[in-house]
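Enquirer: Got a file for you: query34.cif, mmCIF, C-alpha atoms and all ligand atoms.
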data_final
loop_
_atom_site.group_PDB
_atom_site.id
_atom_site.type_symbol
_atom_site.label_atom_id
_atom_site.label_comp_id
_atom_site.auth_asym_id
_atom_site.auth_seq_id
_atom_site.Cartn_x
_atom_site.Cartn_y
_atom_site.Cartn_z
ATOM 1 C CA MET H 1 -31.625 10.422 27.306
ATOM 2 C CA PRO H 2 -28.221 10.456 29.065
ATOM 3 C CA PRO H 3 -25.395 12.080 27.145
ATOM 4 C CA ASP H 4 -23.285 9.557 25.245
ATOM 5 C CA ILE H 5 -19.860 10.025 26.774
ATOM 6 C CA HIS H 6 -18.374 7.449 24.398
ATOM 7 C CA ARG H 7 -19.306 9.368 21.329
ATOM 8 C CA ASP H 8 -16.258 10.379 19.331
ATOM 9 C CA ASN H 9 -15.567 14.044 18.906
ATOM 10 C CA ILE H 10 -14.620 13.998 15.245
ATOM 11 C CA PRO H 11 -13.309 17.561 14.842
ATOM 12 C CA ASP H 12 -11.155 17.044 17.929
ATOM 13 C CA LEU H 13 -9.847 13.702 16.605
ATOM 14 C CA VAL H 14 -9.046 15.263 13.240
ATOM 15 C CA GLU H 15 -7.238 18.131 14.932
ATOM 16 C CA ARG H 16 -5.129 15.630 16.855
ATOM 17 C CA LEU H 17 -4.595 13.673 13.631
ATOM 18 C CA ARG H 18 -3.141 16.741 11.946
ATOM 19 C CA ARG H 19 -0.740 17.122 14.848
ATOM 20 C CA GLY H 20 0.543 13.592 14.191
ATOM 21 C CA ASP H 21 -1.282 11.733 16.982
ATOM 22 C CA ARG H 22 -1.156 8.005 16.135
ATOM 23 C CA GLY H 23 -3.993 7.202 18.541
ATOM 24 C CA ALA H 24 -6.275 9.608 16.688
ATOM 25 C CA LEU H 25 -5.119 8.151 13.364
ATOM 26 C CA SER H 26 -5.944 4.653 14.527
ATOM 27 C CA ARG H 27 -9.372 5.602 15.882
ATOM 28 C CA LEU H 28 -10.350 7.555 12.779
ATOM 29 C CA LEU H 29 -9.324 4.675 10.500
ATOM 30 C CA THR H 30 -11.455 2.312 12.553
ATOM 31 C CA LEU H 31 -14.450 4.624 12.234
ATOM 32 C CA ALA H 32 -13.896 5.080 8.501
ATOM 33 C CA ALA H 33 -13.471 1.337 7.925
ATOM 34 C CA ALA H 34 -16.801 0.740 9.639
ATOM 35 C CA GLY H 35 -18.467 3.445 7.600
ATOM 36 C CA ALA H 36 -19.295 5.326 10.798
ATOM 37 C CA GLU H 37 -19.551 9.103 11.245
ATOM 38 C CA ARG H 38 -19.423 9.535 7.490
ATOM 39 C CA ASP H 39 -20.721 13.078 7.313
ATOM 40 C CA SER H 40 -18.840 14.511 10.259
ATOM 41 C CA LEU H 41 -15.621 12.842 9.075
ATOM 42 C CA ALA H 42 -16.049 14.232 5.598
ATOM 43 C CA ALA H 43 -16.695 17.700 6.998
ATOM 44 C CA ALA H 44 -13.759 17.652 9.405
ATOM 45 C CA LEU H 45 -11.368 16.388 6.728
ATOM 46 C CA ARG H 46 -12.554 18.908 4.193
ATOM 47 C CA VAL H 47 -10.577 21.669 5.889
ATOM 48 C CA SER H 48 -7.848 21.842 3.301
ATOM 49 C CA SER H 49 -4.952 19.553 3.883
ATOM 50 C CA LYS H 50 -1.590 20.382 2.415
ATOM 51 C CA ASN H 51 -0.408 16.814 2.414
ATOM 52 C CA HIS H 52 -0.049 15.227 -0.980
ATOM 53 C CA ALA H 53 1.758 12.062 -0.021
ATOM 54 C CA PRO H 54 2.235 9.841 -3.061
ATOM 55 C CA VAL H 55 0.176 6.647 -2.907
ATOM 56 C CA PHE H 56 1.745 3.421 -4.188
ATOM 57 C CA ALA H 57 -0.430 0.337 -4.621
ATOM 58 C CA LEU H 58 1.126 -3.121 -4.545
ATOM 59 C CA THR H 59 -1.162 -5.582 -6.206
ATOM 60 C CA GLY H 60 -0.873 -9.207 -7.311
ATOM 61 C CA SER H 61 -2.080 -12.681 -6.381
ATOM 62 C CA GLY H 62 -1.977 -13.885 -2.777
ATOM 63 C CA GLY H 63 1.387 -15.333 -1.797
ATOM 64 C CA VAL H 64 3.600 -13.579 -4.334
ATOM 65 C CA GLY H 65 5.288 -11.596 -1.549
ATOM 66 C CA LYS H 66 3.521 -8.233 -1.399
ATOM 67 C CA SER H 67 3.571 -8.058 2.409
ATOM 68 C CA SER H 68 7.180 -9.237 2.497
ATOM 69 C CA LEU H 69 8.181 -6.572 -0.004
ATOM 70 C CA LEU H 70 6.288 -3.944 1.958
ATOM 71 C CA SER H 71 8.184 -4.823 5.090
ATOM 72 C CA VAL H 72 11.521 -4.097 3.410
ATOM 73 C CA LEU H 73 10.252 -1.102 1.430
ATOM 74 C CA THR H 74 8.778 0.636 4.453
ATOM 75 C CA MET H 75 11.989 -0.007 6.371
ATOM 76 C CA HIS H 76 14.036 1.493 3.570
ATOM 77 C CA PHE H 77 12.052 4.714 3.453
ATOM 78 C CA ALA H 78 11.686 5.000 7.233
ATOM 79 C CA GLN H 79 15.425 4.648 7.624
ATOM 80 C CA ARG H 80 15.766 7.688 5.403
ATOM 81 C CA GLY H 81 13.613 9.602 7.863
ATOM 82 C CA GLU H 82 10.290 9.351 6.049
ATOM 83 C CA ARG H 83 7.006 8.619 7.780
ATOM 84 C CA VAL H 84 5.411 5.718 5.923
ATOM 85 C CA GLY H 85 1.802 4.535 6.145
ATOM 86 C CA VAL H 86 0.407 1.223 4.912
ATOM 87 C CA LEU H 87 -3.189 0.145 4.290
ATOM 88 C CA ALA H 88 -3.037 -3.596 3.740
ATOM 89 C CA CYS H 89 -6.128 -5.188 2.241
ATOM 90 C CA ASP H 90 -5.111 -8.745 2.877
ATOM 91 C CA PRO H 91 -8.050 -11.103 3.314
ATOM 92 C CA GLU H 92 -5.868 -14.202 3.468
ATOM 93 C CA SER H 93 -3.502 -13.170 6.206
ATOM 94 C CA PRO H 94 -4.597 -9.876 7.686
ATOM 95 C CA VAL H 95 -1.865 -9.882 10.308
ATOM 96 C CA THR H 96 1.069 -10.946 8.161
ATOM 97 C CA GLY H 97 2.031 -7.481 7.077
ATOM 98 C CA GLY H 98 1.769 -5.942 10.503
ATOM 99 C CA ALA H 99 3.461 -8.763 12.354
ATOM 100 C CA LEU H 100 6.247 -9.037 9.841
ATOM 101 C CA LEU H 101 6.830 -5.322 9.850
ATOM 102 C CA GLY H 102 6.603 -5.048 13.586
ATOM 103 C CA ASP H 103 9.154 -7.792 14.172
ATOM 104 C CA ARG H 104 11.682 -6.527 11.687
ATOM 105 C CA CYS H 105 11.356 -2.957 12.853
ATOM 106 C CA ARG H 106 11.745 -3.788 16.494
ATOM 107 C CA ILE H 107 14.962 -5.526 15.648
ATOM 108 C CA ALA H 108 16.136 -2.670 13.482
ATOM 109 C CA ASN H 109 15.557 0.382 15.597
ATOM 110 C CA PRO H 110 12.549 1.654 17.554
ATOM 111 C CA GLN H 111 12.900 5.124 16.069
ATOM 112 C CA VAL H 112 12.552 3.687 12.608
ATOM 113 C CA SER H 113 9.529 1.588 13.529
ATOM 114 C CA ASP H 114 7.883 4.696 15.006
ATOM 115 C CA ARG H 115 7.880 6.149 11.532
ATOM 116 C CA ILE H 116 5.938 3.185 10.132
ATOM 117 C CA PHE H 117 2.212 2.728 10.574
ATOM 118 C CA VAL H 118 0.364 -0.328 9.267
ATOM 119 C CA ARG H 119 -3.373 -0.911 9.243
ATOM 120 C CA SER H 120 -4.492 -4.333 8.027
ATOM 121 C CA LEU H 121 -7.976 -4.613 6.631
ATOM 122 C CA ALA H 122 -9.502 -8.065 6.717
ATOM 123 C CA THR H 123 -11.866 -7.375 3.890
ATOM 124 C CA THR H 124 -12.819 -9.208 0.751
ATOM 125 C CA SER H 125 -10.949 -7.910 -2.237
ATOM 126 C CA GLY H 126 -12.972 -6.157 -4.863
ATOM 127 C CA GLN H 127 -15.854 -5.471 -2.505
ATOM 128 C CA GLN H 128 -17.522 -2.278 -3.517
ATOM 129 C CA ALA H 129 -17.960 -1.042 0.051
ATOM 130 C CA LEU H 130 -14.265 -1.439 0.645
ATOM 131 C CA ALA H 131 -13.397 0.907 -2.176
ATOM 132 C CA SER H 132 -15.504 3.720 -0.802
ATOM 133 C CA HIS H 133 -14.165 3.312 2.725
ATOM 134 C CA ILE H 134 -10.617 3.176 1.463
ATOM 135 C CA ASP H 135 -11.138 6.574 -0.134
ATOM 136 C CA ARG H 136 -11.879 8.040 3.260
ATOM 137 C CA MET H 137 -9.129 6.074 4.966
ATOM 138 C CA LEU H 138 -6.634 7.440 2.470
ATOM 139 C CA GLU H 139 -7.812 10.983 3.190
ATOM 140 C CA ILE H 140 -7.186 10.300 6.864
ATOM 141 C CA MET H 141 -3.736 8.868 6.148
ATOM 142 C CA LYS H 142 -2.882 11.917 4.060
ATOM 143 C CA ALA H 143 -4.098 14.344 6.707
ATOM 144 C CA PHE H 144 -1.816 12.646 9.236
ATOM 145 C CA GLY H 145 1.128 13.818 7.178
ATOM 146 C CA PHE H 146 2.810 10.664 5.953
ATOM 147 C CA ASP H 147 5.564 11.228 3.420
ATOM 148 C CA ARG H 148 4.598 8.100 1.534
ATOM 149 C CA ILE H 149 1.603 5.765 1.586
ATOM 150 C CA PHE H 150 1.398 2.171 0.375
ATOM 151 C CA ILE H 151 -1.732 0.106 -0.249
ATOM 152 C CA GLU H 152 -1.597 -3.676 -0.513
ATOM 153 C CA THR H 153 -4.384 -5.385 -2.415
ATOM 154 C CA VAL H 154 -4.948 -8.844 -3.775
ATOM 155 C CA GLY H 155 -5.204 -8.536 -7.503
ATOM 156 C CA ALA H 156 -8.451 -10.004 -8.682
ATOM 157 C CA GLY H 157 -9.103 -8.037 -11.793
ATOM 158 C CA GLN H 158 -11.990 -5.784 -10.900
ATOM 159 C CA GLY H 159 -10.747 -4.793 -7.478
ATOM 160 C CA ASP H 160 -7.598 -3.516 -9.062
ATOM 161 C CA VAL H 161 -9.358 -1.032 -11.220
ATOM 162 C CA ALA H 162 -10.528 0.742 -8.070
ATOM 163 C CA VAL H 163 -6.984 0.705 -6.737
ATOM 164 C CA HIS H 164 -5.775 2.325 -9.896
ATOM 165 C CA ARG H 165 -8.146 5.202 -9.241
ATOM 166 C CA LEU H 166 -6.856 5.646 -5.691
ATOM 167 C CA ALA H 167 -3.137 5.194 -6.225
ATOM 168 C CA ASP H 168 -0.662 7.414 -8.005
ATOM 169 C CA VAL H 169 1.524 4.448 -8.892
ATOM 170 C CA VAL H 170 0.396 0.836 -9.388
ATOM 171 C CA ILE H 171 3.046 -1.821 -8.755
ATOM 172 C CA LEU H 172 2.129 -5.274 -10.037
ATOM 173 C CA VAL H 173 3.900 -8.070 -8.150
ATOM 174 C CA LEU H 174 4.357 -11.470 -9.815
ATOM 175 C CA GLN H 175 6.308 -14.570 -8.938
ATOM 176 C CA PRO H 176 8.043 -17.061 -11.237
ATOM 177 C CA GLN H 177 6.123 -19.950 -12.731
ATOM 178 C CA THR H 178 2.670 -18.605 -12.082
ATOM 179 C CA GLY H 179 1.862 -19.280 -15.666
ATOM 180 C CA ASP H 180 1.474 -16.986 -18.554
ATOM 181 C CA ALA H 181 1.994 -13.279 -18.154
ATOM 182 C CA LEU H 182 -0.911 -13.171 -20.595
ATOM 183 C CA GLN H 183 -3.358 -13.796 -17.789
ATOM 184 C CA TRP H 184 -2.532 -10.348 -16.477
ATOM 185 C CA GLU H 185 -3.036 -8.848 -19.871
ATOM 186 C CA LYS H 186 -6.441 -10.506 -20.133
ATOM 187 C CA ALA H 187 -7.433 -9.226 -16.745
ATOM 188 C CA GLY H 188 -6.428 -5.747 -17.851
ATOM 189 C CA ILE H 189 -3.961 -5.455 -14.990
ATOM 190 C CA LEU H 190 -0.762 -5.160 -16.971
ATOM 191 C CA GLU H 191 -2.047 -2.056 -18.675
ATOM 192 C CA LEU H 192 -2.678 -0.447 -15.285
ATOM 193 C CA ALA H 193 0.788 -1.218 -13.952
ATOM 194 C CA ASP H 194 3.353 1.558 -13.729
ATOM 195 C CA LEU H 195 5.988 -0.856 -12.492
ATOM 196 C CA VAL H 196 6.179 -4.665 -12.512
ATOM 197 C CA VAL H 197 8.047 -6.641 -9.863
ATOM 198 C CA VAL H 198 8.995 -10.276 -10.361
ATOM 199 C CA ASN H 199 9.577 -11.361 -6.758
ATOM 200 C CA LYS H 200 11.017 -14.660 -5.489
ATOM 201 C CA ALA H 201 13.866 -14.343 -7.979
ATOM 202 C CA ASP H 202 15.661 -16.956 -5.875
ATOM 203 C CA LEU H 203 13.254 -19.523 -7.376
ATOM 204 C CA ALA H 204 13.670 -21.102 -10.800
ATOM 205 C CA GLY H 205 12.036 -19.430 -13.752
ATOM 206 C CA ALA H 206 12.366 -15.802 -12.670
ATOM 207 C CA ASP H 207 14.282 -14.743 -15.767
ATOM 208 C CA GLN H 208 11.703 -16.406 -18.001
ATOM 209 C CA THR H 209 8.897 -14.568 -16.226
ATOM 210 C CA VAL H 210 10.764 -11.270 -16.618
ATOM 211 C CA ALA H 211 11.214 -12.033 -20.328
ATOM 212 C CA ASP H 212 7.527 -12.958 -20.769
ATOM 213 C CA VAL H 213 6.283 -9.835 -19.026
ATOM 214 C CA THR H 214 8.714 -7.587 -20.867
ATOM 215 C CA GLN H 215 7.671 -9.050 -24.199
ATOM 216 C CA GLN H 216 4.017 -8.631 -23.308
ATOM 217 C CA LEU H 217 4.566 -5.020 -22.285
ATOM 218 C CA ASN H 218 6.487 -4.264 -25.469
ATOM 219 C CA GLN H 219 3.628 -5.627 -27.536
ATOM 220 C CA THR H 220 0.821 -3.826 -25.803
ATOM 221 C CA GLU H 221 2.186 -0.718 -24.135
ATOM 222 C CA SER H 222 3.654 2.308 -25.834
ATOM 223 C CA ARG H 223 4.848 3.751 -22.521
ATOM 224 C CA PRO H 224 7.954 2.331 -20.878
ATOM 225 C CA VAL H 225 7.157 0.094 -17.901
ATOM 226 C CA LEU H 226 10.097 -1.036 -15.839
ATOM 227 C CA VAL H 227 10.299 -4.691 -14.769
ATOM 228 C CA VAL H 228 12.329 -5.270 -11.595
ATOM 229 C CA LYS H 229 13.442 -8.655 -10.274
ATOM 230 C CA THR H 230 13.574 -9.015 -6.491
ATOM 231 C CA SER H 231 14.162 -11.603 -3.813
ATOM 232 C CA VAL H 232 13.096 -10.604 -0.332
ATOM 233 C CA VAL H 233 14.677 -13.786 1.008
ATOM 234 C CA LYS H 234 18.090 -12.943 -0.445
ATOM 235 C CA GLY H 235 17.705 -9.178 -0.205
ATOM 236 C CA GLU H 236 18.323 -8.828 -3.917
ATOM 237 C CA GLY H 237 16.864 -6.199 -6.204
ATOM 238 C CA ILE H 238 15.401 -4.252 -3.295
ATOM 239 C CA GLU H 239 17.664 -1.256 -3.812
ATOM 240 C CA GLU H 240 16.732 -1.147 -7.475
ATOM 241 C CA LEU H 241 13.042 -1.369 -6.603
ATOM 242 C CA CYS H 242 13.364 1.496 -4.118
ATOM 243 C CA GLN H 243 15.061 3.610 -6.765
ATOM 244 C CA ALA H 244 12.326 2.781 -9.247
ATOM 245 C CA ILE H 245 9.721 3.855 -6.684
ATOM 246 C CA GLU H 246 11.557 7.110 -5.984
ATOM 247 C CA HIS H 247 11.659 7.755 -9.689
ATOM 248 C CA PHE H 248 7.893 8.397 -9.649
ATOM 249 C CA GLU H 249 8.087 11.416 -7.345
HETATM 250 N N1 LIG H 301 11.483 -17.917 -1.867
HETATM 251 C C1 LIG H 301 10.952 -16.727 -1.588
HETATM 252 N N2 LIG H 301 9.865 -16.645 -0.792
HETATM 253 C C2 LIG H 301 9.350 -15.422 -0.525
HETATM 254 C C3 LIG H 301 9.926 -14.239 -1.045
HETATM 255 N N3 LIG H 301 9.170 -13.191 -0.623
HETATM 256 C C4 LIG H 301 8.186 -13.700 0.113
HETATM 257 N N4 LIG H 301 8.276 -15.042 0.204
HETATM 258 C C5 LIG H 301 7.395 -15.971 0.932
HETATM 259 O O1 LIG H 301 6.166 -16.088 0.254
HETATM 260 C C6 LIG H 301 5.086 -16.269 1.171
HETATM 261 C C7 LIG H 301 4.001 -15.256 0.935
HETATM 262 O O2 LIG H 301 4.516 -13.969 1.240
HETATM 263 P P1 LIG H 301 3.581 -12.734 1.557
HETATM 264 O O3 LIG H 301 4.467 -11.544 1.683
HETATM 265 O O4 LIG H 301 2.649 -13.017 2.692
HETATM 266 O O5 LIG H 301 2.714 -12.641 0.194
HETATM 267 P P2 LIG H 301 1.416 -11.753 -0.126
HETATM 268 O O6 LIG H 301 0.234 -12.656 0.025
HETATM 269 O O7 LIG H 301 1.604 -11.348 -1.562
HETATM 270 O O8 LIG H 301 1.389 -10.597 0.794
HETATM 271 C C8 LIG H 301 5.721 -16.186 2.569
HETATM 272 O O9 LIG H 301 5.922 -17.474 3.039
HETATM 273 C C9 LIG H 301 7.033 -15.455 2.313
HETATM 274 O O10 LIG H 301 8.024 -15.784 3.253
HETATM 275 C C10 LIG H 301 11.101 -14.353 -1.876
HETATM 276 O O11 LIG H 301 11.677 -13.370 -2.373
HETATM 277 N N5 LIG H 301 11.561 -15.622 -2.104
HETATM 278 MG MG MG H 302 -0.028 -9.892 2.105
#
Go ahead and render the structure in this file as structure tokens.
Ligand SMILES: Nc1nc2c(ncn2[C@@H]2O[C@H](COP(=O)(O)OP(=O)(O)O)[C@@H](O)[C@H]2O)c(=O)[nH]1
Ligand SMILES: [Mg+2]
Expert:
Amino acid sequence: MPPDIHRDNIPDLVERLRRGDRGALSRLLTLAAAGAERDSLAAALRVSSKNHAPVFALTGSGGVGKSSLLSVLTMHFAQRGERVGVLACDPESPVTGGALLGDRCRIANPQVSDRIFVRSLATTSGQQALASHIDRMLEIMKAFGFDRIFIETVGAGQGDVAVHRLADVVILVLQPQTGDALQWEKAGILELADLVVVNKADLAGADQTVADVTQQLNQTESRPVLVVKTSVVKGEGIEELCQAIEHFE
């Protein structure tokens, strides 16, 4: 049989990854997402990695503004000199996050956009296979040496429980007038949230939603959970959200 010249050299890729090679990062994520080279990847990544980048998960229904928030959050931290990685599980619009980020960053400053890496995963939320691959993908992201990692997921109850296991901080994103905050309590999401964001505060009903969620949290949670109101469109509340995120370090 002829030698397979296209075969990936995993230890070599991982070595390049640790030196901050974005091409190696991209290739390894693709392999991990496909469930390929599982054993060799696991072995190569096992060599102890010193990186303990905090992992923040943004979760919430489709359309509440998770990708939009991520585009401003990643910009904020990159402008401070951090290297920020994003794994966006966004079955509805897999390119939104990347395109949005890319556009804004190009406008801002190419040096800043170089510090941001986004991988969109067009995968069904809550799929069991996804969870296991995301584990490995997160290991890869950590080995690259990001200062901060974000995951975007569509909150659908069960899928979020897996995210809670993977992330250090779970950020639940809501928008005004999406009904009762109780639905989140029923789904068991509110109790997983470390921070709640009511986005689209430029729309009517934001204060009511903040009040509902706060009341719900006060009734069910003994720990303090901050509720932050943001509007990506108006650029409001973003600074406060960034501070709240930094607070978890
Ligand atoms: N009015 C308003 N619209 C927003 C805001 N943030 C995001 N959007 C819009 O909401 C839609 C969904 O946003 P997206 O970030 O893709 O939501 P995701 O599905 O949660 O990732 C887009 O059309 C955004 O432009 C906001 O603060 N105010
Ligand atoms: Mg999105």
Enquirer: Hey, which residues sit close to ligand LIG 301 (chain H)? Say within 10 Å, counting only C-alpha atoms and all ligand atoms, and write them as a VMD selection string.
Expert: chain H and resid 58 to 71 88 to 97 100 152 to 155 173 to 176 198 to 204 229 to 238
Enquirer: Using the chain letters and residue numbers of this document, give as an MDAnalysis selection string the residues selected by the PyMOL selection byres (((chain H and resi 22-37) around 12) and not hetatm).
Expert: chainID H and resid 7:21 38:45 83 85:87 89 114:123 129:146
Enquirer: Of the candidates H:Ala211, H:Ile151, H:Cys242, H:Ile189, which one gets nearest to ligand MG 302 (chain H) if we count all atoms listed in the file?
Expert: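 Of all the options, H:Ile151 lies closest to ligand MG 302 (chain H).
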Enquirer: Please measure the separation of atom CA of H:Ile149 and atom CA of H:Ala193, giving the value in Å to one decimal.
Expert: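 These two atoms are separated by 17.1 Å.
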Enquirer: Give me the residues near H:Phe248 as a list in words, where near means some atom within 9 Å (using all atoms listed in the file) and where sequence neighbours in that chain fewer than 6 positions away do not count.
Expert: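 Contacts, in chain order: Pro54, Asp168 and Val169 of chain H.
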Enquirer: Please provide the set of residues having any atom within 7 Å of H:Glu82, restricted to only C-alpha atoms, with same-chain residues fewer than 4 positions apart removed, written as a list in words.
Expert: Phe77, Ala78, Arg115 and Asp147 of chain H
Enquirer: Point out the residue among H:Gln208, H:Arg46, H:Leu166, H:Val227 with the least atom-to-atom distance to H:Leu190, counting only C-alpha atoms.
Expert: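 Counting only C-alpha atoms, the residue closest to H:Leu190 is H:Val227.
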Enquirer: Using the chain letters and numbers from the file, which residues does the PyMOL selection byres (((chain H and resi 171) around 6) and not hetatm) grab, as a short mmCIF file (atom, residue, chain, number, x, y, z; two decimals) with C-alpha atoms, in the coordinates of the input?
Expert:
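Listing of result_15.cif after writing:
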data_model
loop_
_atom_site.label_atom_id
_atom_site.label_comp_id
_atom_site.auth_asym_id
_atom_site.auth_seq_id
_atom_site.Cartn_x
_atom_site.Cartn_y
_atom_site.Cartn_z
CA ALA H 57 -0.43 0.34 -4.62
CA LEU H 58 1.13 -3.12 -4.54
CA VAL H 170 0.40 0.84 -9.39
CA LEU H 172 2.13 -5.27 -10.04
CA ALA H 193 0.79 -1.22 -13.95
CA LEU H 195 5.99 -0.86 -12.49
CA VAL H 196 6.18 -4.66 -12.51
#
Enquirer: Enter the distance from atom CA of H:Gln243 to atom CA of H:Gln177, in Å, rounded to one decimal.
Expert: 25.9 Å
